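**Student:** Here you go, one structure.
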Amino acid sequence: FLQEIELLKTIPGVKQRMAEVILAEIGADMSRFPTHRHLASWAGLCPGNNESAGKRKSGKTRKGDRWLKRGLTESSWAVSRAKETYLSALYHRMVRRRGKKKATVAVAHAMIVMAYHILKHKLPYSELGVDYFDRLNVSYIKHHFTKRLEALGYKVTLEPLQAAA
């Protein structure tokens, strides 16, 4: 299990104890879970789906492995304060819309998905970067902020920066 612990410790917010908890609760063999979604559901970190007549009634997470869920939630609180990581960017993006607790559960969900792929493929975590969400849809961001500045009464012209020589 030493190799798996070292691989899990590459995830931001996961230290020695949390890596041990993850391995103790789910093991190193990911063949028992067909997909990362099954693992997240088993851990109780996926959103619920209580819907009736096309109306969503609750998105409360289901009961799952309480030790794993508590540990990942605590780790997600820690990583929310980290600098320059994808997970902290995810937290700060979600906290504006959903609130602190729901954002924490979303980060814990992302962490269990990362743990699944790390244990399945035996590869360390590769950081996506704090600007990952900005790089996803550059045209939308340009349009959004241009419209906001024009609404404030500014005339906006966009010119790309010259590449540094």
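Each chain in the structure tokens gets a letter, A, B and so on, in the order shown; residues start at 1 in every chain, and ligands are counted from 1 in the order they appear.
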Find the residues near Lys120 in chain A: any atom within 9 Å, counting only C-alpha atoms, skip ones fewer than 6 places away on the same chain, and give them as a list in words.
**Tutor:**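 Neighbouring residues, sequence-local ones excluded: Ala28, Asp29, Met30 and Ser31 of chain A.
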**Student:** Residues near Leu23 in chain A, anyone? I mean within 12 Å using only C-alpha atoms, not counting same-chain ones fewer than 2 positions away, as an NGL selection string.
**Tutor:** :A and (1-9 or 14 or 16-21 or 25-30 or 67-68 or 71 or 112 or 115-116 or 118-119)
**Student:** Kindly give the distance, in Å, that separates CA of Tyr91 in chain A and CA of Leu136 in chain A, rounded to a single decimal.
**Tutor:**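 Going from CA of Tyr91 in chain A over to CA of Leu136 in chain A, I get 16.6 Å.
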**Student:** Which distance in Å separates CA of Ser76 in chain A and CA of Arg32 in chain A, to one decimal?
**Tutor:** 25.1 Å
**Student:** Could you tell me which of A:Pro160, A:Pro34, A:Gly99, A:Gly153 comes closest to His117 in chain A if we count only C-alpha atoms?
**Tutor:**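 Nearest to His117 in chain A: A:Pro34.
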**Student:** So which residues of range 51-165 of chain A fall under strand (DSSP E) by DSSP, listed as a PyMOL selection string?
**Tutor:** chain A and resi 51-52+55-58
**Student:** Just list the residues in chain A DSSP gives alpha helix (DSSP H) on the backbone, as a PyMOL selection string.
**Tutor:** chain A and resi 2-8+16-26+36-43+66-79+86-98+100-121+132-136+138-151
